[in-house]
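Student: Shown below is the structure under consideration.
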Amino acid sequence: MSARYAPDPSTTVERIVPLLERAGLAREEVLRVGGEGGLSFRSGVPEDIVEALLEGGHAPSAPGADAAADPMEARHRQVVDRILFLRATRLRAFADGGRRAYSLAEIATGAGTSAQWLDKMIKTGKAPNLDHAAGIAGFFGENIEFLVAPPAEALDRVLQQIHKDLLEKTVERQDEYLQRLRQGDTASYLSSELGVAGYAARALADVPEDTAQPIIALIESVARRSREERAREAKADSDGPTRTV
């Protein structure tokens with residue numbers, strides 16, 4: 001990550017929520033903290049720290065942590081903790097439906113090291129070099145950032161990906177509606193209830209709500225006046241010219 005990057009998970013959540021509402025998705029499911037596939041699972045950050053960061057707080061210190069501890073030692077401990085987290089959560093699946101943790105020998109083979117070395121790393125809390133760390137992360141289908149990113153950055157990376165995926169889905173839906181409209185599928189267009197304001201809402205999906213809403217309201221007002229004017233014209237045409245006696 002760039003040195004200028006200041007991760008703020010709570011702000012990223014604020015950008016995600018409007019997209020969830022427009023997509024009809026439940027926040028408690030997409031932004032679920034615990035369980036397989038949840039924010040903790042995907043970021044490697046413990047659930048209590050995830051919850052604190054989502055509320056705009058800071059990552060609390062680990063129980064018993066010494067504030068004066070060597071920063072390098074703390075980073076080593078984090079990498080080892082994340083490796084243990086991967087081993088505990090990324091389980092090996094078997095044909096009979098059972099699952100179990102990978103053995104140190106299996107991980108070592110996949111990472112290009114030895115089981116004895118891995119065992120020593122876990123006991124001493126000293127992180128592996130970058131090559132071995134990347135190998136271990138890759139064995140579990142992750143990249144090295146999963147192991148080394150600080151809690152706020154690790155969580156924000158996951159949230160940014162969720163935001164990106166939702167935004168892409170919004171654009172895909174918009175393109176689909178536009179394609180139907182170009183093909184003359186008027187019924188589909190009308191049944192979608194998208195309308196001009198709907199297109200505006202999707203176009204402004206990544207704009208902060210306090211900025212987007214006045215623009216959408218203005219477009220809705222103009223569209224409503226246009227519909228009313230067309231309705232009056234249609235009524236006048238159907239009534240025909242006024243006859244005088």
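Each chain in the structure tokens gets a letter, A, B, ..., in the order shown, and its residues are numbered from 1; ligands are numbered from 1 in order too.
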Can you list, as a PyMOL selection string, every protein, DNA or RNA residue that comes within 7 Å of segment 112-115 of chain A when you count only C-alpha atoms, leaving out same-chain residues fewer than 5 positions away?

Tutor: chain A and resi 104-105+135

Student: Would you mind writing down, as a ChimeraX atom specification, each residue of segment 18-185 of chain A that DSSP on the backbone assigns to strand (DSSP E)?

Tutor: /A:92-93,99-100

Student: Those selected residues, please, written with N, CA and C atoms and delivered as a short mmCIF file (atom, residue, chain, number, x, y, z; two decimals), in the first residue's frame.

Tutor:
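Printed below is selection.cif as written:
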data_model
loop_
_atom_site.label_atom_id
_atom_site.label_comp_id
_atom_site.auth_asym_id
_atom_site.auth_seq_id
_atom_site.Cartn_x
_atom_site.Cartn_y
_atom_site.Cartn_z
N ARG A 92 -8.59 -28.43 5.21
CA ARG A 92 -8.53 -29.35 4.08
C ARG A 92 -9.82 -30.16 4.02
N ALA A 93 -10.43 -30.19 2.84
CA ALA A 93 -11.69 -30.91 2.65
C ALA A 93 -11.44 -32.32 2.13
N ARG A 99 -13.48 -32.26 7.27
CA ARG A 99 -12.42 -31.26 7.09
C ARG A 99 -11.50 -31.28 8.30
N ARG A 100 -10.24 -30.98 8.06
CA ARG A 100 -9.29 -30.90 9.16
C ARG A 100 -8.20 -29.90 8.80
#

Student: Please list as a list in words every residue within 9 Å of Arg82 of chain A, counting only C-alpha atoms and excluding residues in the same chain fewer than 5 positions away.

Tutor: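 What passes the distance filter is Gly44, Val45, Arg77, Arg87, Phe146, Leu147 and Val148 of chain A.
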
Student: Hey, can you check how far atom CA of Ser43 of chain A sits from atom CA of Val30 of chain A?

Tutor: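 Taking atom CA of Ser43 of chain A and atom CA of Val30 of chain A, their separation equals 14.1 Å.
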
Student: In terms of the shortest atom-to-atom distance over only C-alpha atoms, which of A:Asp8, A:Arg224, A:Arg22, A:Gln160 is closest to Ala52 of chain A?

Tutor: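 The closest residue to Ala52 of chain A is A:Asp8.
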
Student: Give me, as number ranges by chain, the residues of segment 95-181 of chain A that a backbone DSSP run labels helix (DSSP H, G or I).

Tutor: A: 104-111, 115-124, 130-139, 145-148, 151-181

Student: Output C-alpha atoms for every residue in the selection just made, as a PDB file, in the first residue's frame.

Tutor:
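Listed below is the output, result.pdb:
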ATOM      1  CA  LEU A 104       2.841 -28.661   9.354  1.00  0.00           C
ATOM      2  CA  ALA A 105       4.426 -31.104   6.919  1.00  0.00           C
ATOM      3  CA  GLU A 106       1.770 -30.361   4.283  1.00  0.00           C
ATOM      4  CA  ILE A 107       2.168 -26.614   4.720  1.00  0.00           C
ATOM      5  CA  ALA A 108       5.957 -26.859   4.662  1.00  0.00           C
ATOM      6  CA  THR A 109       5.923 -28.861   1.439  1.00  0.00           C
ATOM      7  CA  GLY A 110       3.665 -26.314  -0.223  1.00  0.00           C
ATOM      8  CA  ALA A 111       5.712 -23.375   1.057  1.00  0.00           C
ATOM      9  CA  ALA A 115       8.005 -28.875   9.171  1.00  0.00           C
ATOM     10  CA  GLN A 116      10.718 -28.522  11.822  1.00  0.00           C
ATOM     11  CA  TRP A 117      11.368 -24.942  10.784  1.00  0.00           C
ATOM     12  CA  LEU A 118       7.644 -24.119  10.843  1.00  0.00           C
ATOM     13  CA  ASP A 119       7.299 -25.628  14.295  1.00  0.00           C
ATOM     14  CA  LYS A 120      10.210 -23.522  15.549  1.00  0.00           C
ATOM     15  CA  MET A 121       8.703 -20.396  13.979  1.00  0.00           C
ATOM     16  CA  ILE A 122       5.412 -20.965  15.795  1.00  0.00           C
ATOM     17  CA  LYS A 123       7.092 -21.600  19.137  1.00  0.00           C
ATOM     18  CA  THR A 124       9.470 -18.637  18.962  1.00  0.00           C
ATOM     19  CA  LEU A 130       9.420 -12.724   2.760  1.00  0.00           C
ATOM     20  CA  ASP A 131       9.882 -15.641   0.374  1.00  0.00           C
ATOM     21  CA  HIS A 132       8.736 -18.211   2.909  1.00  0.00           C
ATOM     22  CA  ALA A 133       5.928 -15.935   4.123  1.00  0.00           C
ATOM     23  CA  ALA A 134       4.689 -15.534   0.545  1.00  0.00           C
ATOM     24  CA  GLY A 135       4.901 -19.303   0.085  1.00  0.00           C
ATOM     25  CA  ILE A 136       2.845 -19.992   3.209  1.00  0.00           C
ATOM     26  CA  ALA A 137       0.234 -17.379   2.277  1.00  0.00           C
ATOM     27  CA  GLY A 138       0.071 -18.751  -1.265  1.00  0.00           C
ATOM     28  CA  PHE A 139      -0.451 -22.283   0.042  1.00  0.00           C
ATOM     29  CA  GLU A 145      -0.406  -8.717   2.292  1.00  0.00           C
ATOM     30  CA  PHE A 146      -2.769 -10.960   4.234  1.00  0.00           C
ATOM     31  CA  LEU A 147       0.077 -11.641   6.665  1.00  0.00           C
ATOM     32  CA  VAL A 148       1.760  -8.253   6.916  1.00  0.00           C
ATOM     33  CA  PRO A 151      -5.479  -4.600  11.148  1.00  0.00           C
ATOM     34  CA  ALA A 152      -7.149  -1.457   9.755  1.00  0.00           C
ATOM     35  CA  GLU A 153      -5.475  -1.890   6.379  1.00  0.00           C
ATOM     36  CA  ALA A 154      -6.245  -5.613   6.245  1.00  0.00           C
ATOM     37  CA  LEU A 155      -9.931  -5.016   6.969  1.00  0.00           C
ATOM     38  CA  ASP A 156     -10.182  -2.052   4.616  1.00  0.00           C
ATOM     39  CA  ARG A 157      -8.704  -4.124   1.774  1.00  0.00           C
ATOM     40  CA  VAL A 158     -11.598  -6.556   2.152  1.00  0.00           C
ATOM     41  CA  LEU A 159     -14.174  -3.764   2.357  1.00  0.00           C
ATOM     42  CA  GLN A 160     -12.714  -2.014  -0.685  1.00  0.00           C
ATOM     43  CA  GLN A 161     -13.075  -5.257  -2.647  1.00  0.00           C
ATOM     44  CA  ILE A 162     -16.700  -5.593  -1.529  1.00  0.00           C
ATOM     45  CA  HIS A 163     -17.342  -2.003  -2.623  1.00  0.00           C
ATOM     46  CA  LYS A 164     -15.692  -2.629  -5.988  1.00  0.00           C
ATOM     47  CA  ASP A 165     -17.734  -5.793  -6.586  1.00  0.00           C
ATOM     48  CA  LEU A 166     -21.007  -4.037  -5.729  1.00  0.00           C
ATOM     49  CA  LEU A 167     -20.158  -1.095  -7.953  1.00  0.00           C
ATOM     50  CA  GLU A 168     -19.357  -3.406 -10.864  1.00  0.00           C
ATOM     51  CA  LYS A 169     -22.666  -5.214 -10.406  1.00  0.00           C
ATOM     52  CA  THR A 170     -24.489  -1.873 -10.380  1.00  0.00           C
ATOM     53  CA  VAL A 171     -22.806  -0.851 -13.627  1.00  0.00           C
ATOM     54  CA  GLU A 172     -23.591  -4.241 -15.190  1.00  0.00           C
ATOM     55  CA  ARG A 173     -27.280  -3.845 -14.326  1.00  0.00           C
ATOM     56  CA  GLN A 174     -27.297  -0.339 -15.736  1.00  0.00           C
ATOM     57  CA  ASP A 175     -25.653  -1.534 -18.961  1.00  0.00           C
ATOM     58  CA  GLU A 176     -28.206  -4.342 -19.222  1.00  0.00           C
ATOM     59  CA  TYR A 177     -31.115  -1.921 -18.926  1.00  0.00           C
ATOM     60  CA  LEU A 178     -29.555   0.448 -21.447  1.00  0.00           C
ATOM     61  CA  GLN A 179     -29.011  -2.417 -23.876  1.00  0.00           C
ATOM     62  CA  ARG A 180     -32.658  -3.448 -23.578  1.00  0.00           C
ATOM     63  CA  LEU A 181     -33.701   0.130 -24.177  1.00  0.00           C
TER      64      LEU A 181
END

Student: Distance atom CA of Gly56 of chain A-atom CA of Ser10 of chain A, one decimal place?

Tutor: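 Spanning atom CA of Gly56 of chain A to atom CA of Ser10 of chain A is a straight-line distance of 5.2 Å.
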
Student: In terms of the shortest atom-to-atom distance over only C-alpha atoms, which of A:Gly97, A:Gly34, A:Pro18, A:Gly141 is closest to Ile49 of chain A?

Tutor: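 The shortest atom-to-atom distance to Ile49 of chain A comes from A:Gly34.
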
Student: Taking only C-alpha atoms into account, name the residue in A:Asp237, A:Glu229, A:Glu142, A:Leu91 that is nearest to Glu36 of chain A.

Tutor: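 Using only C-alpha atoms, Glu36 of chain A sits closest to A:Leu91.
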
Student: I'd like to know which of A:Glu55, A:Arg232, A:Pro150, A:Ala223 is closest to Ala6 of chain A, using only C-alpha atoms.

Tutor: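 Of all the options, A:Pro150 lies closest to Ala6 of chain A.
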
Student: Figure out the distance between atom CA of Tyr102 of chain A and atom CA of Gln78 of chain A, please, to one decimal in Å.

Tutor: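 Between atom CA of Gln78 of chain A and atom CA of Tyr102 of chain A the gap works out to 20.1 Å.
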